[in-house]
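Dumped target-v4.txt below, it's compact mmCIF, C-alpha atoms:
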# COMPACT_ATOMS: atom_id res chain seq x y z
CA MET A 1 -7.32 2.99 12.41
CA GLY A 2 -4.62 5.56 11.81
CA GLU A 3 -4.05 4.91 8.15
CA SER A 4 -5.59 7.04 5.49
CA CYS A 5 -8.00 5.54 3.00
CA VAL A 6 -6.96 7.88 0.22
CA PRO A 7 -3.93 6.96 -1.88
CA GLU A 8 -0.84 8.99 -1.24
CA HIS A 9 0.59 11.04 -4.04
CA THR A 10 4.31 10.72 -4.45
CA PRO A 11 6.02 13.20 -6.71
CA GLY A 12 6.94 11.36 -9.88
CA PRO A 13 10.27 11.47 -11.70
CA ILE A 14 8.77 13.52 -14.53
CA PRO A 15 7.94 17.16 -13.76
CA PHE A 16 4.27 17.01 -14.68
CA ASP A 17 2.05 20.09 -14.62
CA HIS A 18 -1.68 19.40 -14.48
CA ALA A 19 -2.50 23.02 -15.31
CA LEU A 20 -0.59 22.74 -18.58
CA HIS A 21 -2.45 19.64 -19.68
CA GLY A 22 -5.99 19.90 -18.37
CA ASP A 23 -6.76 23.56 -17.95
CA SER A 24 -5.03 24.96 -21.01
CA ILE A 25 -5.48 22.28 -23.64
CA GLY A 26 -8.73 20.86 -22.32
CA LEU A 27 -7.70 17.26 -21.84
CA ASP A 28 -10.24 15.22 -19.90
CA CYS A 29 -8.88 13.64 -16.69
CA ALA A 30 -9.94 10.19 -17.90
CA ALA A 31 -7.73 10.56 -20.99
CA CYS A 32 -4.69 9.79 -18.81
CA HIS A 33 -6.38 8.37 -15.70
CA THR A 34 -8.11 5.59 -17.56
CA GLY A 35 -11.05 3.99 -15.82
CA ALA A 36 -11.88 7.15 -13.88
CA ARG A 37 -15.30 7.40 -15.52
CA ALA A 38 -16.11 3.83 -16.40
CA SER A 39 -14.59 1.41 -13.93
CA ALA A 40 -14.06 0.78 -10.24
CA ASN A 41 -10.52 2.17 -10.25
CA ALA A 42 -8.88 5.21 -11.79
CA TYR A 43 -5.38 4.38 -12.97
CA MET A 44 -2.15 6.30 -13.42
CA PRO A 45 -0.84 6.72 -16.96
CA SER A 46 2.16 4.79 -18.24
CA LYS A 47 5.02 6.32 -20.16
CA ALA A 48 3.48 5.02 -23.37
CA ASP A 49 0.43 7.19 -22.67
CA CYS A 50 2.66 10.28 -22.42
CA MET A 51 4.49 9.30 -25.57
CA ASP A 52 1.22 9.07 -27.53
CA CYS A 53 1.34 12.86 -27.66
CA HIS A 54 4.95 13.68 -26.83
CA ARG A 55 6.35 11.68 -29.72
CA LEU A 56 5.79 14.84 -31.75
CA PRO A 57 7.26 18.25 -30.98
CA LEU A 58 4.21 19.99 -29.59
CA THR A 59 5.30 23.45 -28.59
CA GLU A 60 8.09 25.96 -29.06
CA ASN A 61 8.65 25.89 -25.31
CA PRO A 62 12.37 25.40 -24.56
CA GLY A 63 11.39 23.15 -21.65
CA ILE A 64 10.34 20.48 -24.12
CA GLU A 65 13.96 19.41 -24.62
CA THR A 66 14.39 18.78 -20.91
CA LEU A 67 11.16 16.81 -20.97
CA ASP A 68 12.33 14.69 -23.90
CA SER A 69 15.51 13.72 -22.09
CA VAL A 70 13.64 12.91 -18.86
CA LEU A 71 11.05 10.89 -20.74
CA ALA A 72 13.75 8.90 -22.49
CA LYS A 73 15.22 7.88 -19.14
CA ALA A 74 11.95 7.27 -17.26
CA ASP A 75 10.50 3.87 -16.33
CA ASP A 76 7.63 2.38 -18.27
CA ARG A 77 5.39 3.24 -15.34
CA PRO A 78 6.68 6.49 -13.91
CA TRP A 79 3.81 6.95 -11.47
CA SER A 80 2.39 4.47 -9.06
CA HIS A 81 -0.90 4.51 -7.25
CA LYS A 82 -1.63 2.41 -4.24
CA ARG A 83 -5.14 1.95 -3.02
CA ILE A 84 -5.33 1.74 0.76
CA LEU A 85 -9.01 0.95 1.14
CA PRO A 86 -9.62 -1.93 3.55
CA GLU A 87 -10.73 -5.18 1.95
CA HIS A 88 -14.27 -4.94 3.27
CA VAL A 89 -14.96 -1.52 1.71
CA VAL A 90 -16.01 -1.04 -1.87
CA PHE A 91 -15.42 2.29 -3.58
CA HIS A 92 -16.41 2.40 -7.23
CA HIS A 93 -14.83 5.44 -8.90
CA GLY A 94 -16.95 5.21 -12.03
CA VAL A 95 -20.29 5.19 -10.25
CA HIS A 96 -19.45 8.49 -8.56
CA ALA A 97 -18.41 10.05 -11.86
CA ALA A 98 -21.60 8.73 -13.47
CA ALA A 99 -23.68 10.27 -10.68
CA GLY A 100 -22.46 13.67 -11.83
CA VAL A 101 -19.66 14.22 -9.33
CA ALA A 102 -16.99 16.18 -11.20
CA CYS A 103 -13.36 15.14 -10.72
CA SER A 104 -12.55 18.52 -9.20
CA ASP A 105 -15.31 18.19 -6.59
CA CYS A 106 -13.18 15.69 -4.69
CA HIS A 107 -9.71 16.14 -6.11
CA GLY A 108 -9.54 19.92 -6.49
CA SER A 109 -8.70 21.63 -9.72
CA ASN A 110 -4.97 21.18 -9.32
CA HIS A 111 -2.69 18.31 -8.60
CA MET A 112 -2.28 17.31 -4.92
CA GLN A 113 -5.20 19.37 -3.80
CA ASN A 114 -7.53 16.93 -2.19
CA ARG A 115 -10.48 19.08 -1.48
CA TYR A 116 -12.49 16.29 0.03
CA GLY A 117 -10.78 15.01 3.12
CA GLY A 118 -7.33 13.98 2.02
CA GLU A 119 -5.55 12.51 5.02
CA LYS A 120 -8.60 12.91 7.23
CA PHE A 121 -10.89 10.96 4.93
CA ASP A 122 -13.03 8.41 6.77
CA MET A 123 -16.43 6.73 6.69
CA GLN A 124 -18.08 9.88 8.09
CA SER A 125 -16.96 11.72 4.96
CA CYS A 126 -18.64 9.07 2.83
CA LEU A 127 -21.83 9.21 4.88
CA LYS A 128 -22.09 13.00 4.98
CA CYS A 129 -22.12 13.19 1.21
CA HIS A 130 -24.35 10.15 0.79
CA ARG A 131 -26.88 11.78 3.14
CA GLY A 132 -26.74 14.98 1.11
CA GLU A 133 -25.12 17.09 3.83
CA THR A 134 -22.04 18.15 1.87
CA PHE A 135 -22.02 19.59 -1.67
CA LYS A 136 -25.53 21.02 -1.09
CA GLU A 137 -24.98 23.59 -3.85
CA LYS A 138 -24.35 20.81 -6.36
CA GLY A 139 -27.75 19.22 -5.78
CA PHE A 140 -26.57 15.62 -5.87
CA LYS A 141 -29.20 13.01 -5.17
CA PRO A 142 -28.84 11.43 -1.72
CA ALA A 143 -27.17 8.05 -2.17
CA ALA A 144 -27.47 4.68 -0.50
CA THR A 145 -26.59 4.61 3.20
CA TYR A 146 -27.38 1.00 4.09
CA CYS A 147 -24.32 -0.96 5.21
CA ALA A 148 -24.23 -3.52 2.43
CA ALA A 149 -24.14 -0.85 -0.27
CA CYS A 150 -20.42 -0.35 0.36
CA HIS A 151 -19.42 -3.08 2.81
CA ARG A 152 -18.81 -6.76 2.39
CA MET B 153 50.89 -34.29 -4.47
CA GLY B 154 51.19 -30.54 -4.42
CA MET B 155 48.85 -29.75 -1.55
CA ASP B 156 50.39 -28.36 1.60
CA ARG B 157 48.72 -27.85 4.95
CA ARG B 158 47.75 -24.26 4.08
CA GLU B 159 46.05 -25.30 0.84
CA PHE B 160 44.22 -28.10 2.60
CA ILE B 161 42.73 -25.80 5.28
CA LYS B 162 41.77 -23.30 2.58
CA SER B 163 39.86 -25.87 0.55
CA CYS B 164 38.23 -27.27 3.70
CA SER B 165 36.95 -23.83 4.73
CA LEU B 166 35.74 -23.23 1.17
CA VAL B 167 33.73 -26.44 1.28
CA ALA B 168 32.34 -25.44 4.69
CA VAL B 169 31.29 -22.02 3.42
CA MET B 170 29.70 -23.56 0.33
CA GLY B 171 27.86 -26.01 2.50
CA LEU B 172 26.60 -23.23 4.74
CA LEU B 173 25.43 -21.18 1.79
CA PHE B 174 23.75 -24.13 0.19
CA GLY B 175 22.17 -25.04 3.52
CA CYS B 176 20.77 -21.54 3.82
CA ARG B 177 19.27 -21.73 0.39
CA LYS B 178 17.73 -25.05 1.11
CA SER B 179 16.07 -23.88 4.33
CA ALA B 180 14.76 -20.78 2.54
CA VAL B 181 13.14 -23.03 -0.06
CA LEU B 182 11.67 -25.20 2.68
CA GLY B 183 10.31 -22.05 4.36
CA ASP B 184 8.52 -21.14 1.16
CA ILE B 185 6.94 -24.55 0.95
CA ALA B 186 5.82 -24.31 4.57
CA SER B 187 4.09 -20.98 3.95
CA GLN B 188 2.38 -22.46 0.90
CA LEU B 189 1.23 -25.44 2.93
CA SER B 190 -0.65 -23.11 5.26
CA VAL B 191 -3.03 -22.43 2.36
CA PRO B 192 -5.17 -25.56 2.07
CA GLU B 193 -5.43 -27.41 -1.21
CA LEU B 194 -8.64 -27.53 -3.20
CA LYS B 195 -8.82 -31.28 -2.58
CA ARG B 196 -9.38 -30.68 1.13
CA PHE B 197 -12.40 -28.50 0.39
CA GLU B 198 -13.82 -31.19 -1.89
CA ASP B 199 -13.27 -33.87 0.73
CA GLU B 200 -14.92 -31.78 3.42
CA VAL B 201 -18.02 -31.33 1.26
CA LYS B 202 -18.18 -35.11 0.76
CA LEU B 203 -17.91 -35.64 4.51
CA ALA B 204 -20.66 -33.09 5.18
CA MET B 205 -22.87 -34.78 2.58
CA SER B 206 -22.46 -38.13 4.32
CA GLN B 207 -23.58 -36.61 7.63
CA ALA B 208 -26.51 -34.66 6.18
CA LYS B 209 -29.84 -34.53 7.95
CA LYS B 210 -32.37 -36.75 6.22
CA SER B 211 -35.55 -34.91 7.10
CA LEU B 212 -36.91 -31.52 6.22
CA ASP B 213 -40.44 -30.54 7.27
CA LEU B 214 -41.99 -28.31 4.64
CA VAL B 215 -45.25 -26.37 4.62
CA LYS B 216 -46.90 -24.48 1.79
CA VAL B 217 -46.22 -20.75 1.56
CA PRO B 218 -47.56 -18.02 -0.75
CA THR B 219 -45.30 -16.33 -3.32
CA PRO B 220 -43.07 -13.78 -1.55
CA GLY B 221 -44.21 -10.20 -2.19
CA ALA B 222 -42.76 -6.78 -1.44
CA LEU B 223 -40.96 -6.47 1.90
CA LYS B 224 -42.84 -4.94 4.78
CA ILE B 225 -39.85 -3.28 6.45
CA PRO B 226 -39.26 0.50 6.44
CA GLY B 227 -37.17 1.73 3.52
CA ALA B 228 -37.68 -1.44 1.49
CA SER B 229 -37.46 -1.27 -2.28
CA THR B 230 -40.68 -1.65 -4.22
CA LEU B 231 -38.73 -2.88 -7.26
CA ASN B 232 -36.40 -5.54 -5.93
CA ARG B 233 -36.62 -8.39 -3.56
CA PHE B 234 -34.03 -11.00 -4.32
CA GLY B 235 -34.54 -14.61 -3.48
CA MET B 236 -34.30 -18.15 -4.68
CA ALA B 237 -36.47 -21.16 -5.29
CA ILE B 238 -35.07 -24.67 -5.05
CA ASP B 239 -36.77 -27.18 -7.30
CA LEU B 240 -37.15 -30.37 -5.28
CA ASP B 241 -38.37 -32.25 -8.36
CA ALA B 242 -35.17 -31.46 -10.28
CA CYS B 243 -32.58 -31.60 -7.47
CA ASP B 244 -30.79 -34.92 -7.12
CA GLY B 245 -28.70 -33.85 -4.14
CA CYS B 246 -25.32 -33.98 -5.88
CA GLY B 247 -23.86 -31.29 -3.61
CA LYS B 248 -22.08 -29.32 -6.34
CA CYS B 249 -23.76 -26.19 -4.99
CA ILE B 250 -21.99 -26.59 -1.64
CA LEU B 251 -18.52 -26.63 -3.15
CA ALA B 252 -19.37 -23.79 -5.53
CA CYS B 253 -20.54 -21.70 -2.59
CA ASN B 254 -17.48 -22.50 -0.50
CA LEU B 255 -15.15 -21.43 -3.28
CA GLU B 256 -17.15 -18.32 -4.14
CA ASN B 257 -17.40 -17.09 -0.57
CA ASN B 258 -14.07 -18.33 0.79
CA VAL B 259 -15.82 -20.49 3.37
CA PRO B 260 -13.09 -21.91 5.62
CA LEU B 261 -12.45 -25.55 6.49
CA VAL B 262 -12.98 -26.75 10.06
CA PRO B 263 -10.55 -28.73 12.25
CA GLU B 264 -11.01 -32.50 12.24
CA GLU B 265 -12.70 -32.69 15.64
CA ASP B 266 -15.35 -30.19 14.51
CA ALA B 267 -15.87 -32.04 11.25
CA ALA B 268 -16.43 -35.30 13.15
CA ARG B 269 -19.25 -33.59 15.07
CA GLY B 270 -20.78 -32.19 11.90
CA ARG B 271 -19.86 -28.60 12.71
CA PHE B 272 -19.03 -27.24 9.28
CA MET B 273 -18.88 -23.61 8.21
CA HIS B 274 -20.70 -24.36 4.94
CA TRP B 275 -23.27 -21.75 4.07
CA VAL B 276 -25.18 -24.39 2.11
CA ASP B 277 -26.17 -27.58 3.98
CA MET B 278 -27.82 -30.70 2.67
CA ARG B 279 -31.11 -31.30 4.44
CA GLY B 280 -33.66 -33.79 3.25
CA GLY B 281 -31.57 -34.41 0.14
CA ALA B 282 -31.70 -30.82 -1.07
CA PRO B 283 -29.56 -27.74 -0.50
CA PHE B 284 -30.56 -25.63 2.46
CA MET B 285 -29.32 -22.14 3.25
CA CYS B 286 -30.37 -18.91 4.99
CA ALA B 287 -33.87 -18.02 3.79
CA HIS B 288 -33.30 -14.25 4.04
CA CYS B 289 -36.57 -13.89 5.94
CA GLY B 290 -38.45 -10.66 5.40
CA ASN B 291 -39.17 -10.67 9.12
CA ALA B 292 -35.79 -11.98 10.18
CA PRO B 293 -35.58 -13.10 13.82
CA CYS B 294 -31.78 -12.99 13.75
CA GLU B 295 -31.58 -9.30 12.89
CA ARG B 296 -33.95 -8.32 15.68
CA VAL B 297 -31.57 -9.57 18.37
CA CYS B 298 -28.26 -8.29 16.98
CA PRO B 299 -26.85 -5.89 19.59
CA THR B 300 -24.56 -4.08 17.15
CA GLY B 301 -26.57 -3.92 13.96
CA ALA B 302 -24.10 -6.20 12.21
CA ALA B 303 -26.99 -8.34 11.01
CA ASN B 304 -29.28 -6.09 9.02
CA HIS B 305 -31.56 -6.07 6.01
CA THR B 306 -30.81 -4.36 2.72
CA PRO B 307 -33.67 -2.61 0.92
CA ASP B 308 -33.37 -5.33 -1.73
CA GLY B 309 -34.31 -8.10 0.65
CA LEU B 310 -30.94 -9.56 1.57
CA SER B 311 -30.22 -10.36 5.16
CA ALA B 312 -26.70 -8.98 5.18
CA MET B 313 -23.83 -9.46 7.63
CA MET B 314 -21.35 -6.68 8.35
CA TYR B 315 -18.44 -8.75 9.58
CA LYS B 316 -16.49 -5.82 11.00
CA ARG B 317 -19.44 -4.85 13.19
CA CYS B 318 -19.99 -8.33 14.56
CA THR B 319 -18.79 -8.72 18.13
CA GLY B 320 -19.66 -12.40 18.32
CA SER B 321 -22.57 -12.34 20.79
CA ARG B 322 -24.11 -15.23 18.79
CA PHE B 323 -27.63 -14.03 19.69
CA CYS B 324 -28.53 -14.20 16.00
CA GLY B 325 -27.43 -17.83 15.74
CA ALA B 326 -29.50 -18.69 18.81
CA ASN B 327 -32.56 -16.95 17.40
CA CYS B 328 -32.40 -18.55 13.96
CA PRO B 329 -34.89 -21.44 14.02
CA VAL B 330 -33.04 -23.41 11.32
CA GLN B 331 -29.37 -22.94 12.34
CA ALA B 332 -28.50 -21.24 9.06
CA ARG B 333 -25.80 -19.14 10.76
CA LYS B 334 -22.26 -20.38 11.27
CA PHE B 335 -19.90 -19.00 13.90
CA ASN B 336 -16.14 -18.74 13.48
CA PHE B 337 -15.03 -20.50 16.67
CA ASN B 338 -11.61 -21.02 15.10
CA ASP B 339 -9.11 -18.60 13.67
CA ALA B 340 -9.20 -20.31 10.29
CA GLN B 341 -6.49 -18.12 8.80
CA LYS B 342 -4.03 -18.84 11.58
CA LEU B 343 -4.82 -22.55 11.53
CA GLY B 344 -4.25 -22.67 7.78
CA LEU B 345 -7.88 -23.61 7.12
CA ALA B 346 -8.88 -20.58 5.09
CA ARG B 347 -8.12 -19.79 1.49
CA GLN B 348 -9.17 -16.77 -0.50
CA PHE B 349 -10.36 -18.23 -3.78
CA ASN B 350 -12.38 -15.10 -4.55
CA ARG B 351 -10.92 -11.62 -4.00
CA GLU B 352 -14.40 -10.08 -3.95
CA VAL B 353 -15.23 -11.63 -0.60
CA PRO B 354 -13.12 -10.85 2.49
CA LEU B 355 -12.00 -13.62 4.85
CA ARG B 356 -13.79 -13.62 8.19
CA ASP B 357 -11.98 -13.32 11.51
CA LYS B 358 -12.37 -15.46 14.59
CA GLY B 359 -15.45 -14.59 16.64
CA VAL B 360 -17.56 -13.48 13.69
CA MET B 361 -20.89 -14.94 12.60
CA GLU B 362 -21.41 -15.71 8.94
CA LYS B 363 -24.05 -17.19 6.65
CA CYS B 364 -25.35 -17.22 3.10
CA SER B 365 -25.17 -13.68 1.72
CA LEU B 366 -27.16 -14.55 -1.42
CA CYS B 367 -23.93 -13.62 -3.25
CA LEU B 368 -24.30 -10.01 -2.22
CA HIS B 369 -21.02 -9.09 -3.93
CA ARG B 370 -22.30 -10.28 -7.29
CA LEU B 371 -25.48 -8.23 -6.92
CA GLN B 372 -23.67 -5.12 -5.73
CA ASN B 373 -21.06 -5.34 -8.49
CA ASP B 374 -23.86 -5.59 -11.03
CA ARG B 375 -25.66 -2.63 -9.46
CA LEU B 376 -22.51 -0.48 -9.55
CA GLU B 377 -21.83 -1.46 -13.14
CA PHE B 378 -25.40 -0.68 -14.11
CA LYS B 379 -25.32 2.73 -12.47
CA THR B 380 -21.97 3.55 -14.06
CA SER B 381 -23.26 2.73 -17.52
CA LEU B 382 -26.24 5.06 -17.15
CA THR B 383 -25.89 8.46 -18.73
CA VAL B 384 -26.43 11.30 -16.31
CA GLY B 385 -29.71 13.18 -16.40
CA THR B 386 -31.82 10.81 -18.45
CA ALA B 387 -34.94 9.29 -16.96
CA ALA B 388 -33.25 5.99 -16.41
CA GLU B 389 -34.47 2.48 -16.31
CA GLU B 390 -34.17 1.09 -12.80
CA TRP B 391 -31.76 -1.63 -11.76
CA ARG B 392 -33.51 -4.98 -11.32
CA GLY B 393 -30.50 -7.26 -10.95
CA ARG B 394 -31.26 -9.07 -14.19
CA GLY B 395 -28.65 -11.54 -15.33
CA VAL B 396 -27.13 -12.04 -11.89
CA LYS B 397 -26.94 -15.59 -10.57
CA THR B 398 -25.66 -16.89 -7.28
CA ALA B 399 -22.69 -19.28 -7.32
CA CYS B 400 -24.86 -22.23 -6.26
CA ALA B 401 -27.45 -21.55 -8.96
CA GLU B 402 -24.69 -21.30 -11.54
CA ALA B 403 -23.13 -24.58 -10.43
CA CYS B 404 -26.31 -26.64 -10.40
CA PRO B 405 -26.21 -29.14 -13.28
CA LYS B 406 -30.01 -29.63 -13.10
CA ASN B 407 -30.84 -25.90 -12.86
CA ALA B 408 -32.72 -26.76 -9.69
CA ILE B 409 -31.70 -23.52 -7.96
CA VAL B 410 -33.38 -20.49 -9.47
CA PHE B 411 -32.17 -17.07 -8.40
CA GLY B 412 -34.05 -13.88 -9.20
CA ASN B 413 -36.15 -10.94 -8.19
CA TRP B 414 -39.57 -11.74 -6.71
CA LEU B 415 -40.90 -8.32 -7.77
CA ASP B 416 -39.74 -8.45 -11.39
CA ASP B 417 -42.11 -10.21 -13.81
CA LYS B 418 -39.25 -10.76 -16.27
CA SER B 419 -37.15 -12.54 -13.67
CA PRO B 420 -36.66 -16.30 -14.18
CA LEU B 421 -37.62 -16.72 -10.54
CA VAL B 422 -41.11 -15.32 -11.09
CA GLN B 423 -41.58 -17.11 -14.40
CA LEU B 424 -40.44 -20.54 -13.23
CA THR B 425 -42.36 -20.46 -9.95
CA LYS B 426 -45.62 -19.28 -11.55
CA ASN B 427 -47.29 -22.69 -11.79
CA ARG B 428 -45.48 -24.39 -8.94
CA VAL B 429 -46.42 -25.00 -5.34
CA LEU B 430 -44.04 -23.20 -2.99
CA TYR B 431 -42.88 -24.57 0.33
CA ALA B 432 -40.75 -23.37 3.20
CA PRO B 433 -39.39 -25.13 6.29
CA CYS B 434 -42.19 -25.14 8.87
CA GLU B 435 -40.10 -23.12 11.33
CA LEU B 436 -39.74 -20.29 8.79
CA ALA B 437 -43.15 -20.26 7.12
CA ALA B 438 -44.43 -17.38 9.27
CA LEU B 439 -41.25 -15.30 8.85
CA ASP B 440 -41.75 -14.36 5.17
CA PRO B 441 -38.75 -16.25 3.69
CA SER B 442 -37.19 -15.13 0.40
CA VAL B 443 -35.62 -18.51 -0.32
CA VAL B 444 -38.27 -21.18 -0.80
CA PHE B 445 -38.64 -24.68 -2.19
CA MET B 446 -40.91 -25.71 -5.04
CA ARG B 447 -42.42 -29.06 -5.82
CA GLY B 448 -45.22 -30.25 -8.09
CA ARG B 449 -47.41 -28.21 -10.43
CA ARG B 450 -50.55 -26.31 -9.69
Translate the structure of the given file into structure tokens.
Amino acid sequence: MGESCVPEHTPGPIPFDHALHGDSIGLDCAACHTGARASANAYMPSKADCMDCHRLPLTENPGIETLDSVLAKADDRPWSHKRILPEHVVFHHGVHAAAGVACSDCHGSNHMQNRYGGEKFDMQSCLKCHRGETFKEKGFKPAATYCAACHR
Amino acid sequence: MGMDRREFIKSCSLVAVMGLLFGCRKSAVLGDIASQLSVPELKRFEDEVKLAMSQAKKSLDLVKVPTPGALKIPGASTLNRFGMAIDLDACDGCGKCILACNLENNVPLVPEEDAARGRFMHWVDMRGGAPFMCAHCGNAPCERVCPTGAANHTPDGLSAMMYKRCTGSRFCGANCPVQARKFNFNDAQKLGLARQFNREVPLRDKGVMEKCSLCLHRLQNDRLEFKTSLTVGTAAEEWRGRGVKTACAEACPKNAIVFGNWLDDKSPLVQLTKNRVLYAPCELAALDPSVVFMRGRR
């Protein structure tokens, strides 16, 4: 199969800087990507989620005016996320987070930096980590490798 | 009358164009209905179950078996071995379990000529007036002959099927002494005989073997949820699959189907089978079945 199993990232209409939100003000990924730690899917934030904070003038940065005007025009759901996993494969985002895998281990520390596979992601990538061959320095416990653990 | 030849032709062509447009709309609507018709109605599934019930085998030869213990296969879990016990004293053979299973696992309908010969895809059959399904044998003869490893055992005692690995050799079906496996001879999706009632279970393609999965998706979803809710680093309690029920067990009005974990003393399966005599079909008794029948008290 030629298609990638990892969702594609399309640049959204709002100029969003991950470094400005996560690294400098210490926001947890799951604050915007709800479900990333607790459920099967991690979701993209809606405009309402942005507005929770951006309703108030937060910084002196002159860019904030541009942002306000873009936000006013944006759709309710400025970003979309399409899961391209085949129907017979189960990937539970939350269980990986709960096992101690940090977001940045797979996604990189910056936006669009898929450290773990990206386009080339396939079942071998799953298996290598589940067998404990990758991320040796992290000391993750080897995980289930029997077929029915992930396949239906 | 103020209509000249020019006006007349104009109005005629207008009517023709309107008619064409309307015609187009109408055929588009009909097309939609046709595509909806290719998904069978629930009624057809209910009728097929009734037909299967009327053709059910009357006899079932049972022999006594001991309580299933830990699996003897390499890599097996010492904590979990899932299975079921069917209470023959409580079951009245209503067949609600069959329909519940079909809807839960998206079991396809069969064409009429197959139905007339009793060749249904149902994972649960009626035999001897009680539901009968794959026994998830600890020493499964079907798995031993699979050339691709599509039929394999999970550490938790389920005889699982990996549909995408199945090449349709049908060796497993031939080696199952009780014909618990069903083969997709037809392309049910193309024939409009399949319907996905449950998104958790994928539809099977033509040329793929299928059978009772002991509601594997329910167990695995519960396991994932359990592991997600654990906090990292604490000496955690282990997952025992408590609270999970198969679709057939849930649907049984007499609670005659008991699902649980043979290795967990708190499981309803262990508690309700404690003082009962356990039976298995005579063909399976030596194969360490996980799904057994119970009758009478000890």
**Q.** Selected residue, from B:Cys318, B:Cys324, B:Val396, B:Val276, that lies nearest to Pro420 of chain B when counting all atoms listed in the file
**A.**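 Looking only at the distances to Pro420 of chain B, the closest residue turns out to be B:Val396.
Here atom CA of Ala399 of chain B stands at a distance of 11.4 Å from atom CA of Leu371 of chain B.
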Q.
Set the distance at 12 Å and use only C-alpha atoms: which residues neighbour Cys150 of chain A once local chain neighbours fewer than 6 positions away are removed? I'd like the list as a PyMOL selection string.
A. (chain A and resi 85-92+95+123+126-127+130+143-144) or (chain B and resi 306+312+314+368-369+371-373+375-376)
Test item: residues at most 12 Å from Ala98 of chain A, all atoms listed in the file, excluding those fewer than 5 positions along its chain, as a PDB file with C-alpha atoms, in the frame of the given file:
ATOM      1  CA  GLY A  35     -11.050   3.990 -15.820  1.00  0.00           C
ATOM      2  CA  ALA A  36     -11.880   7.150 -13.880  1.00  0.00           C
ATOM      3  CA  ARG A  37     -15.300   7.400 -15.520  1.00  0.00           C
ATOM      4  CA  ALA A  38     -16.110   3.830 -16.400  1.00  0.00           C
ATOM      5  CA  SER A  39     -14.590   1.410 -13.930  1.00  0.00           C
ATOM      6  CA  ALA A  40     -14.060   0.780 -10.240  1.00  0.00           C
ATOM      7  CA  HIS A  92     -16.410   2.400  -7.230  1.00  0.00           C
ATOM      8  CA  HIS A  93     -14.830   5.440  -8.900  1.00  0.00           C
ATOM      9  CA  CYS A 103     -13.360  15.140 -10.720  1.00  0.00           C
ATOM     10  CA  PHE A 140     -26.570  15.620  -5.870  1.00  0.00           C
TER      11      PHE A 140
ATOM     12  CA  LEU B 376     -22.510  -0.480  -9.550  1.00  0.00           C
ATOM     13  CA  GLU B 377     -21.830  -1.460 -13.140  1.00  0.00           C
ATOM     14  CA  PHE B 378     -25.400  -0.680 -14.110  1.00  0.00           C
ATOM     15  CA  LYS B 379     -25.320   2.730 -12.470  1.00  0.00           C
ATOM     16  CA  THR B 380     -21.970   3.550 -14.060  1.00  0.00           C
ATOM     17  CA  SER B 381     -23.260   2.730 -17.520  1.00  0.00           C
ATOM     18  CA  LEU B 382     -26.240   5.060 -17.150  1.00  0.00           C
ATOM     19  CA  THR B 383     -25.890   8.460 -18.730  1.00  0.00           C
ATOM     20  CA  VAL B 384     -26.430  11.300 -16.310  1.00  0.00           C
ATOM     21  CA  GLY B 385     -29.710  13.180 -16.400  1.00  0.00           C
ATOM     22  CA  THR B 386     -31.820  10.810 -18.450  1.00  0.00           C
TER      23      THR B 386
END
Q: May I ask for the distance between atom CA of Val191 of chain B and atom CA of Ile250 of chain B, given in Å to one decimal place?
A: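 Calculated distance between atom CA of Val191 of chain B and atom CA of Ile250 of chain B is 19.8 Å.
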Q.
I'd like the neighbourhood of segment 63-73 of chain A as a ChimeraX atom specification, where a residue qualifies if any of its atoms comes within 9 Å (using all atoms listed in the file), though same-chain residues fewer than 3 positions away should be ignored.
A. /A:13-15,47,50-51,54-55,57-60
Q.
Using all atoms listed in the file for the distances, tell me which of B:Asn338, B:Gln207, B:Gln423, B:Ser311 is nearest to Phe234 of chain B.
A. B:Ser311
Q: Point out the residue among B:Arg356, B:Lys363, B:Arg233, B:Arg296 with the least atom-to-atom distance to Phe284 of chain B, counting all atoms listed in the file.
A: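 Once distances to Phe284 of chain B are computed over all atoms listed in the file, the minimum belongs to B:Lys363.
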Q.
One decimal, in Å: what's the spacing between atom CA of Ile238 of chain B and atom CA of Pro433 of chain B?
A.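 Here the two named atoms are 12.1 Å from each other.
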Q | Shell of 12 Å around Lys138 of chain A, all atoms listed in the file, local chain residues under 5 positions omitted, as a VMD selection string | A | chain A and resid 99 to 102 105 129 132 to 133
Q. So which residues fall inside 10 Å of (-19.3, -32.1, 6.1) if we count all atoms listed in the file? Mind giving them as a list in words?
A.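 Residues with an atom at most 10 Å from (-19.3, -32.1, 6.1): Phe197, Glu198, Asp199, Glu200, Val201, Lys202, Leu203, Ala204, Met205, Ser206, Gln207, Ala208, Ile250, Leu261, Val262, Asp266, Ala267, Ala268, Arg269, Gly270, Arg271, Phe272, Met273, His274, Asp277 and Met278 of chain B.
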Q) Quick one: residues within 6 Å of Leu421 of chain B, all atoms listed in the file counted, chain neighbours fewer than 3 positions away excluded, as a list in words? A) Val410, Phe411, Gly412 and Leu424 of chain B
Q) Using only C-alpha atoms, which residue out of B:Leu415, B:Val360, B:Val429, B:Val353 lies closest to Thr230 of chain B? A) B:Leu415
